[in-house]
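Asker: Have a look at this one.
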Amino acid sequence: MNFRDWVALMGLSALLTGCSQGKKEQPNEASAEKASEPESRVKHGTNGEVIVTVEAKLQQTIGLQTTVLAPAQVNPELKAYGRVLDISPLASLVADLATAEAAGQASQAELNRLRTLAAQNNTSDRALQTAQAAAARDLVQIQSVRLRLMAGWGSGISQRNDLLDFVQSLGSLARALVQLEVPAGEVLSGSPTGARIFTLGDETNALAAELIGPAPAVDPQMQGRGFLFLVSSNSFRLVPGAAVTGLLSLPGELRSGVLLPR
């Protein structure tokens, strides 16, 4: 072997040694890079659930807050949809009823007077018969108006003893009359005992409403069971035609759960 061949052999040996050392250093470099990577905050539990870990400092930065859920019990409820009713037709019927009752009282008083006179032979039979016919006519008129009230507004309203004051409070918006419809296909376990009324876009504040009775007619759009409710304190100033949602309180055992902050 001459000097030139010996130099070439030594160079090749040094090159192979460098390559071998480079290969040995690669795993160490990969381990260092892996160690420098932050641990993932997203993990998966044994049941496939996603677990996200957020450090306390990061929670403060993003404004994340936690709280202990408070236990609570509520009545069974069902969501319903409806609107505030226009009471103009009701006011017209109540006015007709008041007029008919006033006429009936007058004709009945006249009939009683003529009966007294007839017993004393101080009036004619014809006058007495005319008074009887007038009293009967006015009684039929009263019954006719009451039937229209029953058909249009249900017995819960038509049989009230304070109809005039009731309509006046609705007209002044001190109170509101709401019809809530249960979606078609929903089965009720019983008649609602009350409701909580919400305006559209605000499901945090509710108005308490008392049940008046079943709605006398089916809403053509909802095609479900309807109920009339009275909002005795119309603090939200609900106006006729306003769309609302409601949670119907149903009879049954209390449901246990927790209060979930919005």
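Letters A, B, ... go to the chains of the structure tokens in the order shown; residues in each chain start at 1; ligands are counted from 1 in the same order.
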Determine which residues of segment 58-233 of chain A DSSP labels as alpha helix (DSSP H) from the backbone of this structure, then write them out as a PyMOL selection string.
Answerer: chain A and resi 58-62+88-119+125-153+155-158+163-171
Asker: I'd like the interatomic distance between atom CA of Ala127 of chain A and atom CA of Ala100 of chain A, to a tenth of an Å.
Answerer: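 Separation of atom CA of Ala127 of chain A and atom CA of Ala100 of chain A: 21.8 Å.
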Asker: At a cut-off of 6 Å, using only C-alpha atoms, what residues contact Phe229 of chain A? Leave out same-chain residues fewer than 6 positions from it and give the result as an MDAnalysis selection string.
Answerer: chainID A and resid 177:178 209:212
Asker: Counting only C-alpha atoms, what is within 9 Å of segment 185-197 of chain A, bar same-chain residues fewer than 3 positions away, as a list in words?
Answerer: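 Neighbouring residues, sequence-local ones excluded: Glu77, Leu78, Val178, Val182, Glu203, Asn205, Ala206, Leu207, Ala208, Ala209, Glu210, Leu211, Ile212, Gly213, Pro214, Gly224, Arg225, Phe227, Phe229, Val231, Val244, Thr245, Gly246, Leu247, Leu248, Ser249, Leu250, Pro251 and Gly252 of chain A.
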Asker: Near Ser172 of chain A, within 12 Å and counting only C-alpha atoms, which residues show up once chain neighbours fewer than 6 positions away are dropped, as a VMD selection string?
Answerer: chain A and resid 87 to 88 165 to 166 233 to 234 237 to 240
